[in-house]
Amino acid sequence: MSVAEAPAGGTAAPTGAPILIAAGITKKFGGLTAVDNVSFDIPVRSIVSLIGPNGAGKTTFFNMLTGLIRPTEGRITFEGRNVTRSRPDVITSLGMARTFQNIRLFGAMTAVENVMVGHHSRMKTGVFGAIIRPPWVGREELRTAERARELLGYVGVKKADFDRLATHLPYGDQRRVEIARALASEPKLLLLDEPTAGMNPHESADLAGFMRRLRDDLNLTILLIEHDMKVVMGVSERVTVLNYGSKLAEGTPAEVRANPAVIEAYLGKEG
Amino acid sequence: MSELRAQLSEWRTAVARALPPWWSKGLAALLVLIGITLPFMTGPQSGFLNGTITAIAYAVMALGLNVVVGMAGLLDLGYVAFYALGAFCAGWLGSSFFFGVHVHVGVAPTLSHAIGIHLNIVLILIAAVLVCAVAGMIIGLPTLRLRGDYIAIVTLAFGEIIGVLAVNGQSISVGGGMMLTAGNQGISAIDPPWFPGVGSFSLLDMRPWYWLIFAVLLIVLFVNVRVRDSRLGRAWVALREDEVAAVSMGIPLVKTKLMAYAIGAAFGGMSGAFLGVYITEVNANSFQFGFSVFIVAMVVVGGIGSIWGALVGGLLLGYINNYLIPDVLNDFPSHFGLHFQLTSVSFGIFGFLLLLVMVARPQGLLPERRRKLEMTGEVAALDTELGSEPEAGNAI
């Protein structure tokens, strides 16, 4: 593991060159400032969490990183490349993949097909290739399907469920398919938006272990939005707290847990 | 009801097990064989053959629209625009309409000194494909940021614009005293197709016409199936199901949607060019909004998103419109002492048929495999709830 011990009192716990740097990100929706001047970076091969009360701007921040919405101000750099105004599909092909808070699988597709869509940016077949179908196109399709089955097996979906409609799978499995779909795009940075939402404590604990395994097996960096503090504190090397759109605190899980401002934001002021 | 359904699916799986693995390919080959030999069973000239030719041309359009509406989920209510553009390609490139120019490529020797542009039917079809693909992308551009019903409104407007342009084109000069269209008079005397060794097609023997449109249908079907089962087809369905998730998974929105518009329009143009040549006239009056709805109805009746559904829906409504109502049942009301012809209420009949399908079989006659899976999957889920064995695994 390349993750070093946290320096005492420092804000950036894991060392290593950052894979993603977000500098001074602000997003205004009309008069509402959803995210206010947040600066943030993610070291390579770390697991970093973003927490905060409901409506703190976590998902908005996520959507800006993945290009779904554009920040009003600020600059996002991914692996040294400015992606502030890039399209989501370009960002995905650069190596950033995500899951969604409310599962967004393709309803009319089987689990395998869903995962194959995730591989889209790594495939080359164009319209004429599809029509004429030279041998390499057939091979590419076959490889993609095989890879999709591998990934589904890796995230723990039962073989019997591979060719079922993704939306007919149990809730936990749908989350797994979503992760497999994100992995199919061969990301370097994986963004998980509340992956334990709707899971029972046992499943959540499994997921925490799974995230560590993902990082080590696939050389991934993981950014996590999460409400389950047990998961956050157990798995992350650094935690950033957002409140009302601005950064409230940042540090190791222990530091954040002890921070009076964080306790106040979550539990309210004493007295 | 659920018992009946379970029984039916049991039978279906039993039948699927009993059939050899090559049966679908065998069936396809058999259908193609029947398709090729069909004109030998009718005479060289019959109302049935005429109806079949038009029905196949409509089915080609339904297959094109199915790419846009069914696979990519972009409700296009202006599809008549591509029928018009394709037909005008036939009018412009296969008649004496542009009298100031002399171009002849691969046409009958009798035409080699005629004025105007005269191209071989194959070249006309290719030109129609290219022109319509570009037009499809242009029409698609303003709809890229829209969703659902709003796309329908914009495409509807474009359909109307092309229709009006076709009528008023008679006052748009393209130089040398030539106009863009002939308006309501129509561009007439379009060359019949000519092939070396075969000669010119004539309306006395409709069989060559039939084989030509049948060949077009086979090409369109082939392209449809290949594209559906490719990276592009998957991307369309993904965009249709969830645009945000699709772009987040690396699917380029603009390129993928425009490709759907272009391919869908190209098929419409092919069919339009053929119909222009077959009718030997391009009249600006024939491109009405109702025709767009007619094609949408074909796709819906067949099963949205399903290639075989679009084919069956197109053929079925094409036959009803061009053979059953005018040739077979037209005098039907008079047997009951009613004084009207069935053709005058054909839209009412289509409305009734559409209602019938919506009530009895909302997924269409031959639903898309994925939608079918959705339906049978629900049955399986119901079965699990009731404690019996689910059978979703073999429902494919």
# chains A, B, ... in the order shown; residues from 1 in each chain; ligands from 1
$ interface_residues --of "chain A" --to "chain B" --cutoff "8 Å" --atoms "only C-alpha atoms" --output "ChimeraX atom specification"
/A:66,68,88-93,97-98,104-109,113,117-121,123,125-127,130-131,133,141,160-161,163-165,168,181-182,185
$ closest_atom_pairs --of "range 85-158 of chain B" --to "range 61-78 of chain B" --cutoff "12 Å" --atoms "only C-alpha atoms" --output "JSON lines"
{"residue": "B:Leu85", "atom": "CA", "partner": "B:Gly78", "partner_atom": "CA", "distance": 11.9}
{"residue": "B:Gly86", "atom": "CA", "partner": "B:Met61", "partner_atom": "CA", "distance": 11.1}
{"residue": "B:Val129", "atom": "CA", "partner": "B:Gly64", "partner_atom": "CA", "distance": 11.3}
{"residue": "B:Cys132", "atom": "CA", "partner": "B:Gly64", "partner_atom": "CA", "distance": 11.3}
{"residue": "B:Ala133", "atom": "CA", "partner": "B:Gly64", "partner_atom": "CA", "distance": 11.1}
{"residue": "B:Ala135", "atom": "CA", "partner": "B:Gly78", "partner_atom": "CA", "distance": 12.0}
{"residue": "B:Gly136", "atom": "CA", "partner": "B:Val68", "partner_atom": "CA", "distance": 10.2}
{"residue": "B:Met137", "atom": "CA", "partner": "B:Val68", "partner_atom": "CA", "distance": 11.6}
{"residue": "B:Ile139", "atom": "CA", "partner": "B:Gly78", "partner_atom": "CA", "distance": 9.4}
{"residue": "B:Gly140", "atom": "CA", "partner": "B:Asp76", "partner_atom": "CA", "distance": 9.5}
{"residue": "B:Thr143", "atom": "CA", "partner": "B:Leu74", "partner_atom": "CA", "distance": 9.1}
{"residue": "B:Leu144", "atom": "CA", "partner": "B:Leu74", "partner_atom": "CA", "distance": 9.7}
{"residue": "B:Arg145", "atom": "CA", "partner": "B:Leu74", "partner_atom": "CA", "distance": 11.6}
{"residue": "B:Leu146", "atom": "CA", "partner": "B:Leu74", "partner_atom": "CA", "distance": 9.6}
{"residue": "B:Arg147", "atom": "CA", "partner": "B:Leu74", "partner_atom": "CA", "distance": 7.8}
{"residue": "B:Gly148", "atom": "CA", "partner": "B:Leu75", "partner_atom": "CA", "distance": 6.6}
{"residue": "B:Asp149", "atom": "CA", "partner": "B:Leu75", "partner_atom": "CA", "distance": 7.1}
{"residue": "B:Tyr150", "atom": "CA", "partner": "B:Leu75", "partner_atom": "CA", "distance": 8.8}
{"residue": "B:Ile151", "atom": "CA", "partner": "B:Leu75", "partner_atom": "CA", "distance": 6.3}
{"residue": "B:Ala152", "atom": "CA", "partner": "B:Leu75", "partner_atom": "CA", "distance": 5.2}
{"residue": "B:Ile153", "atom": "CA", "partner": "B:Leu77", "partner_atom": "CA", "distance": 7.4}
{"residue": "B:Val154", "atom": "CA", "partner": "B:Gly78", "partner_atom": "CA", "distance": 8.3}
{"residue": "B:Thr155", "atom": "CA", "partner": "B:Gly78", "partner_atom": "CA", "distance": 4.8}
{"residue": "B:Leu156", "atom": "CA", "partner": "B:Gly78", "partner_atom": "CA", "distance": 4.3}
{"residue": "B:Ala157", "atom": "CA", "partner": "B:Gly78", "partner_atom": "CA", "distance": 7.0}
{"residue": "B:Phe158", "atom": "CA", "partner": "B:Gly78", "partner_atom": "CA", "distance": 6.1}
$ write_last_selection --atoms "C-alpha atoms" --output "tab-separated table (two decimals), in the first residue's frame"
chain	number	residue	atom	x	y	z
B	85	LEU	CA	-36.79	14.42	-49.82
B	86	GLY	CA	-36.26	10.91	-51.16
B	129	VAL	CA	-29.67	7.95	-48.78
B	132	CYS	CA	-31.64	12.27	-46.29
B	133	ALA	CA	-28.88	11.24	-43.88
B	135	ALA	CA	-31.06	16.25	-43.68
B	136	GLY	CA	-31.79	13.91	-40.78
B	137	MET	CA	-28.77	15.22	-38.91
B	139	ILE	CA	-33.26	18.21	-38.34
B	140	GLY	CA	-31.84	16.33	-35.39
B	143	THR	CA	-33.64	18.50	-30.82
B	144	LEU	CA	-30.45	17.40	-29.10
B	145	ARG	CA	-31.12	19.35	-25.95
B	146	LEU	CA	-34.78	18.36	-25.85
B	147	ARG	CA	-36.51	15.35	-24.43
B	148	GLY	CA	-39.67	13.38	-25.07
B	149	ASP	CA	-42.66	15.34	-26.31
B	150	TYR	CA	-40.60	18.41	-27.14
B	151	ILE	CA	-38.64	16.42	-29.71
B	152	ALA	CA	-41.96	15.40	-31.25
B	153	ILE	CA	-43.02	19.03	-31.58
B	154	VAL	CA	-39.78	20.17	-33.23
B	155	THR	CA	-39.70	17.26	-35.69
B	156	LEU	CA	-43.39	17.79	-36.46
B	157	ALA	CA	-42.58	21.40	-37.35
B	158	PHE	CA	-39.74	20.27	-39.61
$ residues_around --residues "Leu203 in chain B" --least-positions-apart "6" --cutoff "10 Å" --atoms "only C-alpha atoms" --output "CSV table (one decimal) with N, CA and C atoms, in the first residue's frame"
chain,number,residue,atom,x,y,z
B,44,PRO,N,-48.3,-11.2,-63.6
B,44,PRO,CA,-47.3,-10.1,-63.7
B,44,PRO,C,-48.0,-8.8,-63.3
B,45,GLN,N,-49.3,-8.7,-63.3
B,45,GLN,CA,-50.0,-7.5,-63.0
B,45,GLN,C,-51.2,-7.8,-62.1
B,50,ASN,N,-49.4,-5.0,-56.7
B,50,ASN,CA,-49.3,-3.5,-56.5
B,50,ASN,C,-49.3,-3.2,-55.1
B,192,PRO,N,-38.5,5.2,-65.6
B,192,PRO,CA,-38.6,3.9,-64.9
B,192,PRO,C,-37.2,3.3,-64.7
B,209,TRP,N,-40.3,-4.6,-60.4
B,209,TRP,CA,-40.5,-3.6,-59.4
B,209,TRP,C,-40.5,-4.2,-58.0
B,278,TYR,N,-41.7,4.7,-58.7
B,278,TYR,CA,-42.8,3.8,-58.9
B,278,TYR,C,-44.1,4.5,-59.3
B,279,ILE,N,-44.4,5.6,-58.6
B,279,ILE,CA,-45.6,6.4,-58.9
B,279,ILE,C,-45.4,7.2,-60.2
$ select_by_dssp --residues "range 161-387 of chain B" --states "alpha helix (DSSP H)" --output "PyMOL selection string"
chain B and resi 161-168+207-228+231-241+243-248+253-279+289-302+307-319+346-360+369-385
$ select_by_dssp --residues "range 61-269 of chain A" --states "strand (DSSP E)" --output "PyMOL selection string"
chain A and resi 73-78+81-82+96-98+189-193+221-225+238-243+246-251
$ closest_atom_pairs --of "range 93-118 of chain A" --to "range 197-205 of chain A" --cutoff "10 Å" --atoms "only C-alpha atoms" --output "Markdown table"
| residue | atom | partner | partner_atom | distance |
| --- | --- | --- | --- | --- |
| A:Gln101 | CA | A:Ala197 | CA | 7.5 |
| A:Asn102 | CA | A:Ala197 | CA | 8.4 |
| A:Ile103 | CA | A:Ala197 | CA | 9.8 |
$ closest_residue --among "A:Val232, A:Leu242, A:Ile263, A:Ile47" --to "Arg212 in chain A" --atoms "only C-alpha atoms"
A:Ile47
$ closest_residue --among "A:Leu50, A:Leu20, A:Ala34, A:Val112" --to "Gly251 in chain A" --atoms "only C-alpha atoms"
A:Leu50
$ atom_distance --atom1 "CA of Leu189 in chain A" --atom2 "CA of Gly153 in chain A"
20.9 Å
$ residues_around --residues "Gly24 in chain A" --least-positions-apart "6" --cutoff "12 Å" --atoms "only C-alpha atoms" --output "list in words"
Val35, Asp36, Asn37, Val38, Ser39, Phe40, Asp41, Phe61, Pro71, Thr72, Glu73, Gly74, Arg75, Ile76, Thr77, Thr84, Gly245, Ser246 and Lys247 of chain A
$ residues_around --residues "Asn330 in chain B" --least-positions-apart "5" --cutoff "9 Å" --atoms "only C-alpha atoms" --output "ChimeraX atom specification"
/B:324-325,340-343
$ closest_residue --among "B:Thr54, B:Gln7, B:Ser24, B:Thr110" --to "Gly318 in chain B" --atoms "only C-alpha atoms"
B:Thr54
$ residues_around --residues "Pro43 in chain A" --least-positions-apart "2" --cutoff "6 Å" --atoms "only C-alpha atoms" --output "list in words"
Gly16, Ala17, Pro18, Ile19 and Ser46 of chain A
$ write_last_selection --atoms "N, CA and C atoms" --output "short mmCIF file (atom, residue, chain, number, x, y, z; two decimals), in the first residue's frame"
data_model
loop_
_atom_site.label_atom_id
_atom_site.label_comp_id
_atom_site.auth_asym_id
_atom_site.auth_seq_id
_atom_site.Cartn_x
_atom_site.Cartn_y
_atom_site.Cartn_z
N GLY A 16 1.23 11.14 -1.94
CA GLY A 16 1.19 10.68 -3.32
C GLY A 16 0.62 11.80 -4.17
N ALA A 17 0.99 11.80 -5.45
CA ALA A 17 0.52 12.86 -6.35
C ALA A 17 -1.00 12.77 -6.48
N PRO A 18 -1.67 13.92 -6.46
CA PRO A 18 -3.13 13.86 -6.60
C PRO A 18 -3.53 13.46 -8.02
N ILE A 19 -4.53 12.58 -8.13
CA ILE A 19 -5.05 12.19 -9.43
C ILE A 19 -6.04 13.23 -9.91
N SER A 46 -5.96 6.30 -3.21
CA SER A 46 -6.49 6.48 -1.87
C SER A 46 -8.00 6.26 -1.89
#
$ residues_around --residues "Val155 in chain A" --least-positions-apart "6" --cutoff "9 Å" --atoms "only C-alpha atoms" --output "tab-separated table (two decimals) with C-alpha atoms, in the first residue's frame"
chain	number	residue	atom	x	y	z
A	173	ASP	CA	-27.31	-6.78	-6.74
A	176	ARG	CA	-23.27	-4.34	-7.72
A	177	VAL	CA	-24.23	-4.23	-11.41
A	179	ILE	CA	-20.34	-0.81	-9.89
A	180	ALA	CA	-19.50	-3.43	-12.52
A	210	PHE	CA	-15.05	-4.76	-1.22
